[in-house]
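Novice: My structure is in work_8.cif, and what it holds is mmCIF, C-alpha atoms:
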data_target
loop_
_atom_site.group_PDB
_atom_site.id
_atom_site.type_symbol
_atom_site.label_atom_id
_atom_site.label_comp_id
_atom_site.auth_asym_id
_atom_site.auth_seq_id
_atom_site.Cartn_x
_atom_site.Cartn_y
_atom_site.Cartn_z
ATOM 1 C CA MET N 1 22.321 0.134 -7.157
ATOM 2 C CA ALA N 2 22.079 -2.402 -4.355
ATOM 3 C CA GLN N 3 21.712 -6.133 -5.004
ATOM 4 C CA ARG N 4 18.309 -7.051 -6.426
ATOM 5 C CA PRO N 5 15.990 -7.656 -3.457
ATOM 6 C CA SER N 6 13.672 -10.601 -2.942
ATOM 7 C CA THR N 7 10.215 -9.974 -4.363
ATOM 8 C CA GLU N 8 8.733 -13.028 -2.664
ATOM 9 C CA SER N 9 5.979 -13.011 -0.053
ATOM 10 C CA TYR N 10 7.099 -13.007 3.579
ATOM 11 C CA ALA N 11 5.553 -14.238 6.820
ATOM 12 C CA ALA N 12 7.016 -14.493 10.317
ATOM 13 C CA GLY N 13 6.237 -14.342 14.021
ATOM 14 C CA ASP N 14 3.766 -16.154 16.222
ATOM 15 C CA GLY N 15 2.218 -13.411 18.354
ATOM 16 C CA ARG N 16 -1.502 -13.027 19.037
ATOM 17 C CA ILE N 17 -1.486 -9.596 17.363
ATOM 18 C CA GLY N 18 -1.175 -9.685 13.594
ATOM 19 C CA VAL N 19 0.002 -7.107 11.077
ATOM 20 C CA LEU N 20 -0.781 -7.421 7.383
ATOM 21 C CA PHE N 21 1.571 -5.524 5.050
ATOM 22 C CA VAL N 22 0.383 -4.462 1.575
ATOM 23 C CA HIS N 23 2.839 -3.171 -1.045
ATOM 24 C CA GLY N 24 2.132 -0.713 -3.833
ATOM 25 C CA PHE N 25 1.258 -0.645 -7.529
ATOM 26 C CA THR N 26 3.930 -2.197 -9.811
ATOM 27 C CA GLY N 27 6.026 -2.735 -6.644
ATOM 28 C CA SER N 28 6.810 -5.811 -4.596
ATOM 29 C CA PRO N 29 7.123 -7.043 -0.994
ATOM 30 C CA ALA N 30 10.721 -5.778 -1.032
ATOM 31 C CA SER N 31 9.461 -2.241 -0.356
ATOM 32 C CA LEU N 32 8.031 -3.316 3.018
ATOM 33 C CA ARG N 33 10.324 -6.222 3.941
ATOM 34 C CA THR N 34 12.451 -4.433 6.550
ATOM 35 C CA TRP N 35 9.350 -2.932 8.194
ATOM 36 C CA ALA N 36 7.723 -6.381 8.338
ATOM 37 C CA GLU N 37 10.869 -8.033 9.696
ATOM 38 C CA ARG N 38 11.278 -5.514 12.491
ATOM 39 C CA THR N 39 7.596 -5.766 13.368
ATOM 40 C CA ALA N 40 7.916 -9.544 13.659
ATOM 41 C CA ALA N 41 11.028 -9.099 15.796
ATOM 42 C CA ALA N 42 8.957 -6.899 18.133
ATOM 43 C CA GLY N 43 6.653 -9.842 18.839
ATOM 44 C CA TYR N 44 3.919 -9.545 16.207
ATOM 45 C CA ARG N 45 2.751 -12.110 13.655
ATOM 46 C CA VAL N 46 3.227 -10.588 10.206
ATOM 47 C CA SER N 47 2.145 -11.385 6.663
ATOM 48 C CA LEU N 48 3.479 -9.625 3.557
ATOM 49 C CA PRO N 49 1.919 -11.170 0.442
ATOM 50 C CA ARG N 50 2.954 -10.470 -3.125
ATOM 51 C CA LEU N 51 -0.026 -9.063 -4.993
ATOM 52 C CA PRO N 52 -1.065 -10.937 -8.171
ATOM 53 C CA GLY N 53 0.864 -9.814 -11.236
ATOM 54 C CA HIS N 54 3.609 -8.157 -9.190
ATOM 55 C CA GLY N 55 7.255 -9.037 -8.652
ATOM 56 C CA THR N 56 7.622 -11.001 -11.906
ATOM 57 C CA ARG N 57 7.109 -9.376 -15.343
ATOM 58 C CA TRP N 58 5.047 -6.289 -16.109
ATOM 59 C CA GLU N 59 3.148 -8.298 -18.705
ATOM 60 C CA ASP N 60 1.817 -10.472 -15.851
ATOM 61 C CA LEU N 61 0.409 -7.388 -14.128
ATOM 62 C CA ALA N 62 -1.391 -6.330 -17.304
ATOM 63 C CA VAL N 63 -3.741 -9.330 -17.161
ATOM 64 C CA THR N 64 -4.795 -8.896 -13.513
ATOM 65 C CA SER N 65 -7.627 -6.785 -12.061
ATOM 66 C CA TRP N 66 -8.042 -4.773 -8.892
ATOM 67 C CA GLN N 67 -10.362 -7.533 -7.714
ATOM 68 C CA ASP N 68 -7.425 -9.956 -7.958
ATOM 69 C CA TRP N 69 -5.284 -7.644 -5.819
ATOM 70 C CA TYR N 70 -8.004 -7.115 -3.242
ATOM 71 C CA ALA N 71 -8.833 -10.835 -3.031
ATOM 72 C CA CYS N 72 -5.183 -11.509 -2.191
ATOM 73 C CA VAL N 73 -5.303 -8.932 0.617
ATOM 74 C CA GLU N 74 -8.553 -10.316 1.981
ATOM 75 C CA ARG N 75 -7.213 -13.903 1.983
ATOM 76 C CA ALA N 76 -4.062 -12.888 3.819
ATOM 77 C CA PHE N 77 -6.106 -10.926 6.351
ATOM 78 C CA ALA N 78 -8.427 -13.890 6.978
ATOM 79 C CA GLU N 79 -5.436 -16.188 7.525
ATOM 80 C CA LEU N 80 -3.980 -13.810 10.112
ATOM 81 C CA LYS N 81 -7.347 -13.307 11.785
ATOM 82 C CA ALA N 82 -7.743 -17.061 12.236
ATOM 83 C CA SER N 83 -4.719 -17.151 14.546
ATOM 84 C CA CYS N 84 -4.714 -13.638 16.039
ATOM 85 C CA ASP N 85 -6.846 -11.673 18.494
ATOM 86 C CA GLN N 86 -6.393 -8.448 16.509
ATOM 87 C CA VAL N 87 -5.082 -7.612 13.043
ATOM 88 C CA PHE N 88 -3.678 -4.260 11.910
ATOM 89 C CA VAL N 89 -2.795 -3.309 8.333
ATOM 90 C CA ALA N 90 0.303 -1.433 7.157
ATOM 91 C CA SER N 91 0.752 -0.352 3.574
ATOM 92 C CA LEU N 92 2.479 1.752 0.951
ATOM 93 C CA SER N 93 0.953 3.697 -1.959
ATOM 94 C CA MET N 94 -1.816 1.735 -3.726
ATOM 95 C CA GLY N 95 -1.561 -0.744 -0.883
ATOM 96 C CA GLY N 96 -3.182 2.041 1.128
ATOM 97 C CA ALA N 97 -6.236 1.961 -1.142
ATOM 98 C CA LEU N 98 -6.531 -1.797 -0.734
ATOM 99 C CA SER N 99 -6.110 -1.450 3.042
ATOM 100 C CA LEU N 100 -8.808 1.224 3.228
ATOM 101 C CA MET N 101 -11.155 -0.986 1.213
ATOM 102 C CA LEU N 102 -10.538 -3.806 3.688
ATOM 103 C CA ALA N 103 -11.404 -1.448 6.547
ATOM 104 C CA GLU N 104 -14.568 -0.403 4.697
ATOM 105 C CA LYS N 105 -15.704 -3.981 4.249
ATOM 106 C CA ARG N 106 -14.552 -5.273 7.669
ATOM 107 C CA PRO N 107 -14.991 -2.286 10.014
ATOM 108 C CA SER N 108 -15.243 -4.416 13.145
ATOM 109 C CA GLU N 109 -12.196 -6.538 12.276
ATOM 110 C CA VAL N 110 -9.458 -4.131 11.141
ATOM 111 C CA ALA N 111 -7.910 -2.850 14.377
ATOM 112 C CA GLY N 112 -6.001 0.042 12.800
ATOM 113 C CA LEU N 113 -4.299 1.290 9.641
ATOM 114 C CA MET N 114 -0.720 2.489 9.138
ATOM 115 C CA LEU N 115 -0.517 4.158 5.718
ATOM 116 C CA VAL N 116 2.607 5.445 3.971
ATOM 117 C CA ASN N 117 1.933 7.815 1.056
ATOM 118 C CA PRO N 118 -1.440 6.174 0.387
ATOM 119 C CA ALA N 119 -2.704 6.506 -3.174
ATOM 120 C CA VAL N 120 -6.393 7.109 -3.843
ATOM 121 C CA THR N 121 -5.801 9.576 -6.690
ATOM 122 C CA VAL N 122 -3.001 10.894 -8.912
ATOM 123 C CA ALA N 123 -2.251 14.236 -10.498
ATOM 124 C CA SER N 124 -1.973 12.995 -14.102
ATOM 125 C CA PRO N 125 -4.959 14.005 -16.270
ATOM 126 C CA LEU N 126 -4.292 10.950 -18.452
ATOM 127 C CA VAL N 127 -5.229 8.382 -15.790
ATOM 128 C CA PRO N 128 -9.011 8.864 -16.233
ATOM 129 C CA LEU N 129 -8.427 8.212 -19.946
ATOM 130 C CA SER N 130 -6.568 4.948 -19.330
ATOM 131 C CA GLY N 131 -9.613 2.869 -20.301
ATOM 132 C CA VAL N 132 -9.254 4.191 -23.843
ATOM 133 C CA LEU N 133 -5.478 4.557 -23.912
ATOM 134 C CA LYS N 134 -4.905 0.901 -22.972
ATOM 135 C CA HIS N 135 -6.126 -0.082 -26.445
ATOM 136 C CA VAL N 136 -3.519 2.164 -28.065
ATOM 137 C CA VAL N 137 -0.504 2.042 -25.727
ATOM 138 C CA LYS N 138 0.497 -1.144 -23.889
ATOM 139 C CA SER N 139 2.857 0.388 -21.340
ATOM 140 C CA VAL N 140 4.752 3.509 -20.286
ATOM 141 C CA LYS N 141 7.930 4.170 -18.321
ATOM 142 C CA GLY N 142 7.702 2.897 -14.754
ATOM 143 C CA ILE N 143 7.301 4.877 -11.524
ATOM 144 C CA ALA N 144 9.697 2.777 -9.458
ATOM 145 C CA ASN N 145 12.292 3.733 -6.839
ATOM 146 C CA ASP N 146 11.175 7.297 -6.093
ATOM 147 C CA ALA N 147 13.477 7.922 -3.125
ATOM 148 C CA VAL N 148 16.247 10.237 -1.986
ATOM 149 C CA LEU N 149 18.453 7.206 -1.405
ATOM 150 C CA ASP N 150 19.597 4.780 -4.106
ATOM 151 C CA ILE N 151 17.109 1.937 -3.630
ATOM 152 C CA ASP N 152 15.609 -1.039 -5.441
ATOM 153 C CA GLU N 153 12.048 -1.856 -4.411
ATOM 154 C CA GLY N 154 11.790 -4.761 -6.842
ATOM 155 C CA ALA N 155 9.351 -2.862 -9.050
ATOM 156 C CA TYR N 156 8.745 -2.834 -12.797
ATOM 157 C CA GLU N 157 10.538 -0.605 -15.269
ATOM 158 C CA ARG N 158 7.333 -0.449 -17.332
ATOM 159 C CA THR N 159 3.777 0.307 -16.191
ATOM 160 C CA PRO N 160 0.975 -1.400 -18.153
ATOM 161 C CA ILE N 161 -1.827 1.009 -19.034
ATOM 162 C CA ALA N 162 -4.425 -1.737 -18.529
ATOM 163 C CA SER N 163 -3.313 -1.921 -14.902
ATOM 164 C CA VAL N 164 -3.483 1.856 -14.505
ATOM 165 C CA HIS N 165 -7.099 1.556 -15.602
ATOM 166 C CA ALA N 166 -7.642 -1.238 -13.060
ATOM 167 C CA MET N 167 -6.251 0.972 -10.292
ATOM 168 C CA TYR N 168 -8.453 3.863 -11.431
ATOM 169 C CA LYS N 169 -11.495 1.582 -11.155
ATOM 170 C CA LEU N 170 -10.360 0.526 -7.666
ATOM 171 C CA TRP N 171 -10.382 4.174 -6.568
ATOM 172 C CA GLY N 172 -13.863 4.568 -8.025
ATOM 173 C CA GLU N 173 -15.089 1.690 -5.868
ATOM 174 C CA LEU N 174 -13.231 2.886 -2.766
ATOM 175 C CA ARG N 175 -13.684 6.622 -2.429
ATOM 176 C CA PRO N 176 -17.517 6.877 -2.151
ATOM 177 C CA TYR N 177 -17.402 4.645 0.937
ATOM 178 C CA LEU N 178 -14.442 6.033 2.873
ATOM 179 C CA ASP N 179 -16.846 7.154 5.592
ATOM 180 C CA LEU N 180 -17.217 3.471 6.516
ATOM 181 C CA VAL N 181 -13.611 3.480 7.779
ATOM 182 C CA GLU N 182 -13.782 3.866 11.558
ATOM 183 C CA CYS N 183 -10.532 2.408 12.909
ATOM 184 C CA PRO N 184 -7.547 4.464 14.169
ATOM 185 C CA LEU N 185 -5.243 5.713 11.416
ATOM 186 C CA VAL N 186 -1.651 6.853 11.362
ATOM 187 C CA ILE N 187 -0.578 8.339 8.028
ATOM 188 C CA PHE N 188 2.962 9.103 6.880
ATOM 189 C CA ARG N 189 3.146 11.588 3.997
ATOM 190 C CA SER N 190 6.322 12.657 2.247
ATOM 191 C CA ALA N 191 6.646 16.423 1.801
ATOM 192 C CA VAL N 192 8.070 15.707 -1.663
ATOM 193 C CA ASP N 193 6.420 12.806 -3.486
ATOM 194 C CA HIS N 194 6.849 12.470 -7.251
ATOM 195 C CA VAL N 195 4.169 9.757 -7.539
ATOM 196 C CA VAL N 196 1.180 10.619 -5.303
ATOM 197 C CA PRO N 197 -0.096 14.191 -4.805
ATOM 198 C CA PRO N 198 -0.974 15.687 -1.373
ATOM 199 C CA ALA N 199 -4.650 15.593 -2.420
ATOM 200 C CA SER N 200 -4.657 11.848 -1.814
ATOM 201 C CA VAL N 201 -4.130 12.157 1.947
ATOM 202 C CA GLU N 202 -6.504 15.125 2.034
ATOM 203 C CA ILE N 203 -9.278 12.984 0.542
ATOM 204 C CA ILE N 204 -8.687 10.250 3.103
ATOM 205 C CA THR N 205 -8.545 12.465 6.174
ATOM 206 C CA ARG N 206 -11.591 14.443 5.065
ATOM 207 C CA GLN N 207 -13.821 11.449 4.363
ATOM 208 C CA VAL N 208 -13.011 8.724 6.917
ATOM 209 C CA SER N 209 -15.081 8.489 10.101
ATOM 210 C CA SER N 210 -12.138 7.524 12.319
ATOM 211 C CA ALA N 211 -12.045 9.351 15.649
ATOM 212 C CA GLU N 212 -8.253 9.147 15.626
ATOM 213 C CA VAL N 213 -6.267 10.203 12.564
ATOM 214 C CA THR N 214 -2.616 11.153 13.039
ATOM 215 C CA GLU N 215 -0.566 12.523 10.155
ATOM 216 C CA HIS N 216 3.239 12.716 10.065
ATOM 217 C CA VAL N 217 4.996 14.690 7.322
ATOM 218 C CA LEU N 218 8.285 13.145 6.207
ATOM 219 C CA ALA N 219 10.804 15.815 5.285
ATOM 220 C CA ASN N 220 13.651 13.577 4.137
ATOM 221 C CA SER N 221 12.026 10.947 1.922
ATOM 222 C CA TYR N 222 10.236 10.694 -1.405
ATOM 223 C CA HIS N 223 7.451 8.240 -2.315
ATOM 224 C CA VAL N 224 9.058 4.948 -1.250
ATOM 225 C CA ALA N 225 9.620 6.290 2.254
ATOM 226 C CA THR N 226 9.704 2.783 3.721
ATOM 227 C CA MET N 227 13.147 2.344 2.128
ATOM 228 C CA ASP N 228 14.279 5.961 2.399
ATOM 229 C CA ASN N 229 15.741 8.267 5.059
ATOM 230 C CA ASP N 230 12.603 8.175 7.217
ATOM 231 C CA ALA N 231 12.234 4.390 7.300
ATOM 232 C CA ASP N 232 13.348 4.092 10.938
ATOM 233 C CA PHE N 233 10.910 6.818 11.986
ATOM 234 C CA ILE N 234 8.051 5.017 10.216
ATOM 235 C CA ILE N 235 8.911 1.707 11.865
ATOM 236 C CA ASP N 236 9.403 3.135 15.356
ATOM 237 C CA THR N 237 6.223 5.232 15.185
ATOM 238 C CA SER N 238 4.161 2.333 13.860
ATOM 239 C CA LEU N 239 5.392 0.084 16.678
ATOM 240 C CA GLU N 240 4.272 2.763 19.148
ATOM 241 C CA PHE N 241 0.893 2.847 17.372
ATOM 242 C CA LEU N 242 0.565 -0.932 17.638
ATOM 243 C CA ALA N 243 1.492 -0.925 21.313
ATOM 244 C CA ALA N 244 -1.054 1.810 22.047
ATOM 245 C CA HIS N 245 -3.944 0.075 20.285
ATOM 246 C CA SER N 246 -3.376 -3.629 20.850
#
Would you mind writing the structure in this file as structure tokens?

Specialist:
Amino acid sequence: MAQRPSTESYAAGDGRIGVLFVHGFTGSPASLRTWAERTAAAGYRVSLPRLPGHGTRWEDLAVTSWQDWYACVERAFAELKASCDQVFVASLSMGGALSLMLAEKRPSEVAGLMLVNPAVTVASPLVPLSGVLKHVVKSVKGIANDAVLDIDEGAYERTPIASVHAMYKLWGELRPYLDLVECPLVIFRSAVDHVVPPASVEIITRQVSSAEVTEHVLANSYHVATMDNDADFIIDTSLEFLAAHS
């Protein structure tokens, strides 16, 4: 396993076009750090916050809510917007749900979304029961580092059930209003993903109102594709997306 990565927030660049990066559930900014760095190097102003309860101890995550996570995303977006002409959002997994919610609530401000294996549902039948299970079971084995390559995304080895319930409630708030999303979307979906089922992208593409939705299937990566074999393809394609829409 590689050296433990930094799980700290990251910000760089001074361009007039901003890109907000949003990591996934139980993960950390490490999963998107290289993507953010290369985007900044291409001339964009980037912000990659660490979501509340993440990147420390799983017990810290257990006492946060989806509202805490979303408030963090909204603050970071507002900070970028204050110094940029346009702001795009790039995300992984549950970060995709938070990004879509931002686009629902700020349809005239989010210039475009770049989503990697976005999570708005899961296959496990136990997730809808998490509101009850959290009183019986505190945590389960983590879902970290699902990749072909040997990676370390700075995620937790345990997943708190209370936080699974919080994520489930986030999806309940998000999905009825996906039609409010109107900005251009580029979606990267791994052909083999052991965390998020194909139904998640199907829900998004079916319900959003965006005139432009482009989907790329990644044949050589699992869930954490931003650190896997297709990472360069994701970065290069997203930079083309930014150039085309900024």

Novice: Between N:Ser83, N:Thr56, N:Thr26, N:Ser91, which is the closest to Glu8 (chain N) once you count all atoms listed in the file?

Specialist: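 Ranking N:Ser83, N:Thr56, N:Thr26, N:Ser91 by distance to Glu8 (chain N), first place goes to N:Thr56.
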
Novice: Neighbouring residues of region 155-161 of chain N were defined as those with any atom within 7 Å, considering only C-alpha atoms; residues of the same chain fewer than 2 positions away were excluded. Please report them as a list in words.

Specialist: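 That gives Thr26, Gly27, Ser28, Gly55, Trp58, Ala62, Ser130, Lys134, Val137, Lys138, Ser139, Val140, Lys141, Gly142, Ala144, Glu153, Ser163, Val164 and His165 of chain N.
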
Novice: With distances taken over only C-alpha atoms, which residue among N:Val201, N:Val73, N:Leu61, N:Ala244 lies nearest Val122 (chain N)?

Specialist: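 Smallest distance to Val122 (chain N) is found for N:Val201.
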
Novice: Name the closest residue to Val217 (chain N) among the candidates N:Val116, N:Ile151, N:His135, N:Ile204; distances are taken between atoms, counting all atoms listed in the file.

Specialist: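 Closest to Val217 (chain N), using all atoms listed in the file: N:Val116.
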
Novice: Extract, using all atoms listed in the file, all DNA, RNA and protein residues at most 8 Å from Trp35 (chain N), discarding same-chain residues fewer than 4 positions from it, and format them as a PyMOL selection string.

Specialist: chain N and resi 39+226+231+235

Novice: For the residues in that selection, give me C-alpha atoms as a PDB file, in the frame of the given file.

Specialist:
ATOM      1  CA  THR N  39       7.596  -5.766  13.368  1.00  0.00           C
ATOM      2  CA  THR N 226       9.704   2.783   3.721  1.00  0.00           C
ATOM      3  CA  ALA N 231      12.234   4.390   7.300  1.00  0.00           C
ATOM      4  CA  ILE N 235       8.911   1.707  11.865  1.00  0.00           C
TER       5      ILE N 235
END

Novice: Neighbouring residues of Arg106 (chain N) were defined as those with any atom within 12 Å, considering only C-alpha atoms; residues of the same chain fewer than 2 positions away were excluded. Please report them as a ChimeraX atom specification.

Specialist: /N:74,77-78,81,87-89,99-104,108-112,180-183

Novice: Run the PyMOL selection byres ((chain N and resi 211-214) around 9) against the file shown and list the residues it catches, as a PyMOL selection string.

Specialist: chain N and resi 182-188+205+208-210+215-216

Novice: Given the file shown, determine the residues that the PyMOL selection byres ((chain N and resi 229) around 12) selects; report them as a list in words.

Specialist: Ala147, Val148, Leu149, Asp150, Ile151, Ser190, Leu218, Ala219, Asn220, Ser221, Tyr222, His223, Val224, Ala225, Thr226, Met227, Asp228, Asp230, Ala231, Asp232, Phe233, Ile234 and Ile235 of chain N

Novice: Pick the closest to Thr237 (chain N) from N:Met114, N:Leu51, N:Ala166, N:Cys84: which is it, counting all atoms listed in the file?

Specialist: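 Residue with the minimum atom-to-atom distance to Thr237 (chain N): N:Met114.
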
Novice: One number please: CA of Gly15 (chain N) to CA of Arg38 (chain N), in Å, one decimal.

Specialist: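 So the two atoms, CA of Gly15 (chain N) and CA of Arg38 (chain N), lie 13.4 Å apart.
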
Novice: Show me, as a list of chain:residue names, the residues that have an atom within 9 Å of His23 (chain N) when counting only C-alpha atoms, minus same-chain residues fewer than 5 positions from it.

Specialist: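 Skipping anything fewer than 5 positions along the chain leaves N:Ser28, N:Pro29, N:Ala30, N:Ser31, N:Leu32, N:Leu48, N:Pro49, N:Arg50, N:Leu51, N:Ala90, N:Ser91, N:Leu92, N:Ser93, N:Met94, N:Gly95, N:Gly96.
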
Novice: Using all atoms listed in the file, which residues of region 126-187 of chain N come within 10 Å of region 67-72 of chain N, and what is the closest atom pair for each, with the distance in Å to one decimal? Give it as CSV, sorted by chain and residue number.

Specialist:
residue,atom,partner,partner_atom,distance
N:Ala166,CA,N:Gln67,CA,8.7
N:Met167,CA,N:Trp69,CA,9.8
N:Lys169,CA,N:Gln67,CA,9.8
N:Leu170,CA,N:Gln67,CA,8.1

Novice: From the list N:Pro197, N:Pro107, N:Ser65, N:Leu98, which residue is nearest Ser124 (chain N) when using all atoms listed in the file?

Specialist: N:Pro197

Novice: Using Å and a single decimal, report how far CA of Ser200 (chain N) sits from CA of Thr121 (chain N).

Specialist: 5.5 Å
